[in-house]
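So this block is start06.txt, compact mmCIF, C-alpha atoms:
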```
# COMPACT_ATOMS: atom_id res chain seq x y z
CA MET P 129 9.10 -1.86 31.96
CA THR P 130 12.17 -0.41 30.29
CA LEU P 131 12.20 -3.44 28.00
CA VAL P 132 8.58 -2.82 27.06
CA LEU P 133 9.25 0.82 26.17
CA LEU P 134 12.29 -0.21 24.13
CA THR P 135 10.18 -2.77 22.30
CA VAL P 136 7.58 -0.13 21.48
CA ALA P 137 10.23 2.28 20.24
CA LEU P 138 11.69 -0.38 17.95
CA ALA P 139 8.29 -1.49 16.65
CA VAL P 140 7.42 2.10 15.74
CA ALA P 141 10.88 3.04 14.41
CA LEU P 142 11.64 -0.08 12.36
CA PRO P 143 9.44 0.94 9.41
CA TRP P 144 11.84 3.85 8.78
CA ALA P 145 14.60 1.25 8.28
CA ALA P 146 12.45 -1.22 6.33
CA VAL P 147 11.23 1.23 3.68
CA PRO P 148 14.66 1.87 2.05
CA ALA P 149 15.34 -1.88 2.04
CA ALA P 150 11.95 -2.57 0.43
CA ARG P 151 12.52 0.05 -2.27
CA ARG P 152 15.97 -1.33 -2.94
CA LEU P 153 14.64 -4.88 -3.20
CA ALA P 154 11.82 -3.80 -5.52
CA GLY P 155 14.38 -2.39 -7.92
CA LEU P 156 16.02 -5.82 -8.17
CA LEU P 157 12.86 -7.86 -8.75
CA PRO P 158 10.59 -8.24 -11.78
CA PRO P 159 7.66 -5.80 -11.58
CA ARG P 160 5.04 -8.34 -10.50
CA GLU P 161 7.13 -9.73 -7.64
CA ALA P 162 8.27 -6.22 -6.69
CA SER P 163 4.65 -5.06 -6.43
CA PHE P 164 3.75 -7.88 -4.07
CA ALA P 165 6.90 -7.32 -2.00
CA LEU P 166 6.12 -3.62 -1.55
CA THR P 167 2.46 -4.23 -0.73
CA GLY P 168 3.25 -7.02 1.73
CA THR P 169 5.88 -4.91 3.44
CA ALA P 170 3.49 -1.98 3.82
CA MET P 171 0.74 -4.20 5.22
CA LEU P 172 2.93 -6.05 7.73
CA LEU P 173 4.72 -2.96 9.01
CA ALA P 174 1.44 -1.08 9.41
CA GLY P 175 -0.01 -4.06 11.25
CA GLY P 176 3.00 -4.23 13.57
CA THR P 177 2.68 -0.55 14.43
CA VAL P 178 -1.02 -0.88 15.20
CA ALA P 179 -0.44 -4.00 17.31
CA ALA P 180 2.22 -2.22 19.38
CA LEU P 181 -0.08 0.73 20.07
CA ILE P 182 -3.02 -1.53 20.93
CA SER P 183 -0.82 -3.42 23.39
CA LEU P 184 0.03 -0.19 25.19
CA PHE P 185 -3.51 1.15 25.08
CA HIS P 186 -5.17 -1.84 26.70
CA VAL P 187 -2.91 -2.18 29.77
CA PRO P 188 -5.52 -0.59 32.09
CA PHE P 189 -8.13 -2.97 30.68
CA LEU P 190 -5.85 -5.94 31.38
CA ALA P 191 -5.67 -4.76 34.97
CA GLY P 192 -9.46 -4.79 35.09
CA LEU P 193 -9.58 -8.33 33.73
CA GLU P 194 -7.17 -9.40 36.46
CA ARG P 195 -9.40 -7.65 39.03
CA LEU P 196 -6.43 -5.51 39.90
CA PRO P 197 -7.00 -1.89 40.99
CA LEU P 198 -5.48 0.50 38.51
CA ALA P 199 -3.75 2.28 41.38
CA ARG P 200 -1.71 -0.85 42.01
CA VAL P 201 -0.57 -0.94 38.39
CA VAL P 202 0.31 2.75 38.51
CA ALA P 203 2.35 2.14 41.64
CA GLN P 204 4.43 -0.44 39.75
CA TRP P 205 4.53 1.52 36.49
CA PRO P 206 3.75 5.23 37.02
CA ALA P 207 3.76 5.97 33.30
CA VAL P 208 1.02 3.47 32.46
CA VAL P 209 -1.85 5.98 32.25
CA PRO P 210 0.00 8.68 30.23
CA VAL P 211 1.46 6.06 27.87
CA SER P 212 -1.93 4.40 27.44
CA CYS P 213 -3.52 7.78 26.70
CA VAL P 214 -0.86 8.63 24.12
CA ALA P 215 -1.37 5.23 22.47
CA GLY P 216 -5.11 5.84 22.43
CA VAL P 217 -4.66 9.23 20.77
CA LEU P 218 -2.35 7.75 18.14
CA LEU P 219 -4.76 4.88 17.46
CA THR P 220 -7.63 7.34 17.11
CA THR P 221 -5.57 9.42 14.70
CA GLN P 222 -4.79 6.31 12.66
CA VAL P 223 -8.45 5.32 12.53
CA VAL P 224 -9.41 8.80 11.34
CA ARG P 225 -6.64 8.88 8.71
CA VAL P 226 -7.49 5.40 7.41
CA SER P 227 -11.20 6.26 7.30
CA LEU P 228 -10.50 9.45 5.36
CA ALA P 229 -8.24 7.58 2.92
CA ALA P 230 -10.90 4.93 2.33
CA ARG P 231 -13.55 7.60 1.89
CA ARG P 232 -11.33 9.44 -0.59
CA HIS P 233 -10.90 6.26 -2.64
CA ARG P 234 -14.66 5.65 -2.74
CA ALA P 235 -15.30 9.27 -3.71
CA LEU P 236 -12.80 9.09 -6.57
CA LEU P 237 -14.36 5.88 -7.83
CA SER P 238 -17.90 7.25 -7.69
CA ARG P 239 -16.81 10.47 -9.40
CA ALA P 240 -15.03 8.59 -12.20
CA TRP P 241 -18.01 6.35 -12.88
CA ARG P 242 -20.29 9.40 -12.90
CA LEU P 243 -18.07 11.34 -15.32
CA THR P 244 -17.70 8.38 -17.68
CA GLY P 245 -21.45 7.81 -17.94
CA GLU P 246 -21.54 9.49 -21.36
CA GLY P 247 -19.14 6.98 -22.91
CA THR P 248 -19.86 4.31 -25.50
CA ALA P 249 -19.32 0.78 -24.20
CA ASP P 250 -17.85 -2.04 -26.29
CA GLY P 251 -17.21 -5.05 -24.09
CA ASP P 252 -14.74 -3.99 -21.41
CA LEU P 253 -13.87 -0.84 -23.38
CA LEU P 254 -15.51 2.50 -22.69
CA VAL P 255 -14.79 5.24 -25.24
CA LEU P 256 -15.38 8.83 -24.12
CA PRO P 257 -15.95 11.75 -26.51
CA GLY P 258 -13.61 14.69 -26.34
CA GLU P 259 -10.22 15.97 -27.44
CA GLU P 260 -8.46 15.23 -24.14
CA ALA P 261 -6.03 12.32 -24.36
CA GLU P 262 -6.89 10.01 -21.48
CA ALA P 263 -6.70 6.30 -20.80
CA PHE P 264 -7.04 4.55 -17.46
CA ALA P 265 -8.30 1.41 -15.76
CA LEU P 266 -11.60 1.96 -13.94
CA PRO P 267 -12.15 -0.72 -11.25
CA ARG P 268 -15.52 -2.35 -10.65
CA HIS P 269 -17.98 -0.41 -8.54
CA ARG P 270 -21.47 -1.14 -7.22
CA GLY P 271 -22.14 -4.05 -9.54
CA HIS P 272 -20.46 -2.48 -12.55
CA ALA P 273 -17.64 -4.53 -14.05
CA GLY P 274 -14.24 -2.93 -14.43
CA ARG P 275 -13.68 -1.02 -17.66
CA VAL P 276 -10.80 0.26 -19.75
CA VAL P 277 -11.64 3.92 -20.31
CA VAL P 278 -10.10 5.76 -23.25
CA THR P 279 -10.99 9.03 -24.92
CA GLU P 280 -11.37 9.64 -28.63
CA GLY P 281 -8.50 12.10 -28.39
CA MET P 282 -6.16 9.39 -27.11
CA LEU P 283 -7.24 6.95 -29.80
CA ARG P 284 -6.54 9.54 -32.51
CA ALA P 285 -3.08 10.22 -31.04
CA LEU P 286 -1.96 6.58 -31.47
CA ARG P 287 -1.36 4.25 -34.39
CA PRO P 288 -3.37 0.98 -34.51
CA SER P 289 -0.46 -1.09 -33.14
CA GLU P 290 0.04 1.43 -30.37
CA ARG P 291 -3.64 1.31 -29.45
CA ALA P 292 -3.27 -2.42 -28.91
CA VAL P 293 -0.44 -1.71 -26.45
CA LEU P 294 -2.54 0.90 -24.66
CA LEU P 295 -5.55 -1.39 -24.23
CA ALA P 296 -3.40 -4.34 -23.14
CA HIS P 297 -1.69 -2.11 -20.58
CA GLU P 298 -4.95 -0.97 -19.00
CA ARG P 299 -6.44 -4.48 -19.11
CA ALA P 300 -3.40 -5.71 -17.20
CA HIS P 301 -4.26 -3.22 -14.43
CA LEU P 302 -7.76 -4.65 -14.22
CA SER P 303 -6.87 -8.34 -14.42
CA GLY P 304 -4.06 -7.92 -11.90
CA ARG P 305 -6.36 -6.00 -9.50
CA HIS P 306 -3.68 -3.37 -9.18
CA HIS P 307 -6.11 -0.93 -7.59
CA LEU P 308 -6.33 -3.23 -4.55
CA LEU P 309 -2.55 -3.28 -4.11
CA SER P 310 -2.39 0.48 -4.49
CA GLY P 311 -5.24 0.90 -2.01
CA ILE P 312 -3.52 -1.27 0.60
CA ALA P 313 -0.38 0.84 0.31
CA ASP P 314 -2.40 4.06 0.70
CA LEU P 315 -4.12 2.77 3.84
CA ALA P 316 -0.78 1.62 5.28
CA ALA P 317 0.65 5.09 4.66
CA ALA P 318 -2.22 6.50 6.71
CA VAL P 319 -1.08 4.30 9.63
CA HIS P 320 2.64 5.15 9.63
CA PRO P 321 4.25 8.17 7.91
CA ALA P 322 7.33 6.20 6.86
CA LEU P 323 5.20 3.91 4.67
CA GLY P 324 4.14 6.80 2.45
CA ARG P 325 7.43 6.43 0.56
CA LEU P 326 6.37 2.97 -0.58
CA GLY P 327 3.44 4.42 -2.54
CA SER P 328 5.48 6.01 -5.33
CA ALA P 329 7.68 2.91 -5.65
CA LEU P 330 4.60 0.69 -5.86
CA GLU P 331 2.96 2.94 -8.45
CA PHE P 332 6.04 2.64 -10.65
CA GLN P 333 6.18 -1.14 -10.30
CA LEU P 334 2.47 -1.54 -11.08
CA GLU P 335 2.93 0.49 -14.26
CA ARG P 336 5.98 -1.59 -15.16
CA TRP P 337 3.93 -4.76 -14.55
CA ALA P 338 1.28 -3.50 -16.98
CA ASP P 339 3.97 -2.39 -19.47
CA GLU P 340 5.50 -5.87 -19.54
CA ALA P 341 2.09 -7.49 -19.93
CA ALA P 342 1.32 -5.22 -22.88
CA ALA P 343 4.71 -5.96 -24.47
CA ARG P 344 3.99 -9.69 -24.27
CA VAL P 345 0.56 -9.22 -25.87
CA VAL P 346 1.92 -7.38 -28.92
CA ASP P 347 5.18 -9.38 -28.85
CA ASP P 348 7.23 -6.28 -29.63
CA ARG P 349 9.00 -4.41 -26.84
CA ARG P 350 9.99 -1.47 -29.05
CA THR P 351 6.41 -0.90 -30.22
CA ALA P 352 5.30 -1.08 -26.59
CA ALA P 353 7.91 1.50 -25.57
CA THR P 354 6.90 3.82 -28.41
CA ALA P 355 3.21 3.51 -27.53
CA ILE P 356 3.81 4.27 -23.85
CA ALA P 357 5.90 7.32 -24.70
CA ARG P 358 3.43 8.63 -27.27
CA ALA P 359 0.41 8.10 -25.00
CA ALA P 360 2.13 9.80 -22.06
CA LEU P 361 3.14 12.73 -24.25
CA ALA P 362 -0.39 13.12 -25.60
CA GLY P 363 -1.82 12.95 -22.08
CA SER P 364 0.56 15.57 -20.72
CA ALA P 365 -0.18 17.95 -23.59
CA ALA P 366 -3.92 17.89 -22.91
CA PRO P 367 -4.55 16.64 -19.37
CA GLY P 368 -8.04 15.31 -18.77
CA ARG P 369 -10.36 15.22 -15.80
CA HIS P 370 -11.94 11.77 -15.83
CA GLY P 371 -9.20 9.47 -14.54
CA GLU P 372 -7.57 11.62 -11.88
CA GLY P 373 -6.25 9.39 -9.10
CA PHE P 374 -6.33 6.13 -11.10
CA LEU P 375 -3.56 4.04 -12.60
CA SER P 376 -3.07 4.99 -16.23
CA VAL P 377 -0.61 4.61 -19.04
CA SER P 378 0.93 8.02 -18.29
CA THR P 379 1.40 7.41 -14.55
CA GLY P 380 4.83 7.30 -12.95
CA PRO P 381 8.26 8.17 -14.35
CA VAL P 382 7.60 7.44 -18.01
CA PRO P 383 11.24 7.80 -19.23
CA ARG P 384 12.33 5.02 -16.84
CA ARG P 385 9.48 2.82 -18.01
CA VAL P 386 10.35 3.38 -21.67
CA GLU P 387 14.01 2.68 -20.99
CA ALA P 388 13.08 -0.59 -19.29
CA LEU P 389 10.94 -1.66 -22.26
CA LEU P 390 13.80 -0.99 -24.65
CA GLY P 391 15.89 -3.48 -22.70
CA PRO P 392 15.42 -7.23 -22.23
CA GLU P 393 12.49 -8.66 -20.32
CA PRO P 394 13.26 -8.51 -16.58
CA ALA P 395 14.34 -11.69 -14.85
CA GLY P 396 14.72 -12.64 -11.22
CA PRO P 397 17.66 -11.30 -9.20
CA LYS P 398 20.98 -13.10 -9.30
CA GLY P 399 24.06 -12.89 -7.11
CA ARG P 400 24.66 -12.26 -3.44
CA GLY P 401 23.71 -8.57 -3.44
CA PRO P 402 19.98 -8.98 -4.14
CA ARG P 403 19.80 -11.93 -1.76
CA ALA P 404 21.38 -9.86 0.99
CA VAL P 405 18.89 -7.03 0.44
CA ALA P 406 15.99 -9.50 0.47
CA ALA P 407 17.28 -11.14 3.64
CA ALA P 408 17.65 -7.75 5.34
CA LEU P 409 14.12 -6.71 4.41
CA VAL P 410 12.58 -9.98 5.57
CA THR P 411 14.52 -9.71 8.82
CA VAL P 412 13.34 -6.16 9.53
CA VAL P 413 9.69 -6.98 8.75
CA LEU P 414 9.74 -10.17 10.83
CA VAL P 415 11.45 -8.43 13.73
CA SER P 416 8.80 -5.71 13.66
CA ALA P 417 5.99 -8.27 13.74
CA LEU P 418 7.65 -10.32 16.47
CA LEU P 419 8.26 -7.22 18.58
CA ALA P 420 4.60 -6.28 18.36
CA MET P 421 3.52 -9.77 19.43
CA GLY P 422 6.17 -9.90 22.13
CA LEU P 423 5.03 -6.56 23.46
CA ALA P 424 1.48 -7.79 23.94
CA TYR P 425 2.74 -10.91 25.73
CA ASN P 426 5.15 -8.96 27.96
CA LEU P 427 2.49 -6.48 29.03
CA HIS P 428 0.08 -9.26 29.87
CA GLU P 429 2.75 -11.06 31.87
CA HIS P 430 3.64 -7.86 33.70
CA VAL P 431 0.05 -7.22 34.76
CA GLU P 432 -0.29 -10.83 35.93
CA HIS P 433 2.94 -10.44 37.90
CA VAL P 434 1.64 -7.32 39.63
CA ALA P 435 -1.64 -9.10 40.36
CA GLU P 436 0.24 -11.99 41.96
CA MET P 437 2.30 -9.56 44.06
CA VAL P 438 -0.83 -7.78 45.27
CA THR P 439 -2.60 -11.05 46.02
CA GLY P 440 0.41 -12.32 47.96
CA ARG P 441 0.61 -9.14 50.05
CA SER P 442 -3.10 -9.20 50.83
CA ARG P 443 -2.82 -12.76 52.10
CA GLN P 444 0.06 -11.78 54.34
```
Same coordinates, now as structure tokens:
Amino acid sequence: MTLVLLTVALAVALPWAAVPAARRLAGLLPPREASFALTGTAMLLAGGTVAALISLFHVPFLAGLERLPLARVVAQWPAVVPVSCVAGVLLTTQVVRVSLAARRHRALLSRAWRLTGEGTADGDLLVLPGEEAEAFALPRHRGHAGRVVVTEGMLRALRPSERAVLLAHERAHLSGRHHLLSGIADLAAAVHPALGRLGSALEFQLERWADEAAARVVDDRRTAATAIARAALAGSAAPGRHGEGFLSVSTGPVPRRVEALLGPEPAGPKGRGPRAVAAALVTVVLVSALLAMGLAYNLHEHVEHVAEMVTGRSRQ
């Protein structure tokens, strides 16, 4: 069983090694591809961790399926009950944390829709009265289609060409379903603490994705950069209360986003360095998934082996 415990340790510890590689890779990819890479990494590593814990937790139940007394399993592996209990506690903690995260997301969405009820709708645009400078993408909820929410204060802070950038940016969040990617990363972070570091990286890449989409719509990267900077400055000067917790034009490290827009449109990675980082990340994620699956198989085989030993002794 030493091999089993080592497999568990690796399956739980590997996310700490995968997160830096994923963040490094995301910095080398275009924003859209980087967003999918970060989300996929978070989902797979969280799944591997859960699978490893489930494998440990259900060892006593495997013994029952094999009609093997638990005492016999304990005789072969004395730590089976304590380890199974610890795995059960961790799984329960994960379920509670994931449930709370999901509930928090629903509460934020309900609150935002309630607070924006006074706005004036024009297609997918919802204009709110007030001096606060706010703009954010409000996902669909309970039959309501997603909306781009912007306050009158934000509209007054921008020139007409900059408003076009702002609206294109928020529409890119909606059309790309960025709230789903962000939600997956949040739920994965509730499963494993190491995955929390992927959230900030993903938030930046989602904003960069929307920035690039807006720049293509107006066909002017400098105007897009100016609009992002002006909107973020207006939002920071008079922070609002409607879009708290949602992706918006002022989310993330704005200076880095503006600097990226002032440069050329991002292209795919070239050279051996990015390929090596990508290969390392894929290797770590695959190893984590394979370890989780191998753990379940090894535990099942071990219980069957003990059952065969007990059956053989009883016949003797």
Which distance in Å separates CA of Gly304 (chain P) and CA of Leu334 (chain P), to one decimal?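 We find that CA of Gly304 (chain P) and CA of Leu334 (chain P) lie 9.2 Å from each other.
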With distances taken over all atoms listed in the file, which of P:Leu219, P:Leu302, P:Ala316, P:Val386 is nearest to Val277 (chain P)?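 Answer, going by the shortest atom-to-atom distance: P:Leu302.
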Find the distance between CA of Gly324 (chain P) and CA of Arg385 (chain P) and write it in Å to one decimal.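 Those two atoms sit 21.5 Å apart.
Comparing the minimum interatomic distances between Arg358 (chain P) and each of P:Val223, P:Leu323, P:Ala285, P:Leu256, counting all atoms listed in the file, we find that P:Ala285 sits nearest.
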One residue among P:Ile182, P:Ala263, P:Gly258, P:Ala342 is nearest to Thr220 (chain P) when using only C-alpha atoms, and that residue is P:Ile182
Selection: 12 Å around Arg384 (chain P), all atoms listed in the file, excl. self and same-chain fewer than 2 positions, as a PDB file with C-alpha atoms, keeping the file's coordinate frame:
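Output file selection17.pdb follows:
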```pdb
ATOM      1  CA  GLY P 155      14.380  -2.390  -7.920  1.00  0.00           C
ATOM      2  CA  PHE P 332       6.040   2.640 -10.650  1.00  0.00           C
ATOM      3  CA  GLN P 333       6.180  -1.140 -10.300  1.00  0.00           C
ATOM      4  CA  GLU P 335       2.930   0.490 -14.260  1.00  0.00           C
ATOM      5  CA  ARG P 336       5.980  -1.590 -15.160  1.00  0.00           C
ATOM      6  CA  ASP P 339       3.970  -2.390 -19.470  1.00  0.00           C
ATOM      7  CA  ALA P 353       7.910   1.500 -25.570  1.00  0.00           C
ATOM      8  CA  ILE P 356       3.810   4.270 -23.850  1.00  0.00           C
ATOM      9  CA  ALA P 357       5.900   7.320 -24.700  1.00  0.00           C
ATOM     10  CA  SER P 378       0.930   8.020 -18.290  1.00  0.00           C
ATOM     11  CA  THR P 379       1.400   7.410 -14.550  1.00  0.00           C
ATOM     12  CA  GLY P 380       4.830   7.300 -12.950  1.00  0.00           C
ATOM     13  CA  PRO P 381       8.260   8.170 -14.350  1.00  0.00           C
ATOM     14  CA  VAL P 382       7.600   7.440 -18.010  1.00  0.00           C
ATOM     15  CA  VAL P 386      10.350   3.380 -21.670  1.00  0.00           C
ATOM     16  CA  GLU P 387      14.010   2.680 -20.990  1.00  0.00           C
ATOM     17  CA  ALA P 388      13.080  -0.590 -19.290  1.00  0.00           C
ATOM     18  CA  LEU P 389      10.940  -1.660 -22.260  1.00  0.00           C
ATOM     19  CA  LEU P 390      13.800  -0.990 -24.650  1.00  0.00           C
ATOM     20  CA  GLY P 391      15.890  -3.480 -22.700  1.00  0.00           C
TER      21      GLY P 391
END
```
Could you pull the residues within 12 Å of Thr244 (chain P), counting all atoms listed in the file, minus those fewer than 5 positions along the same chain, as a PyMOL selection string? chain P and resi 237-239+249+253-258+262-266+275-279+368-371
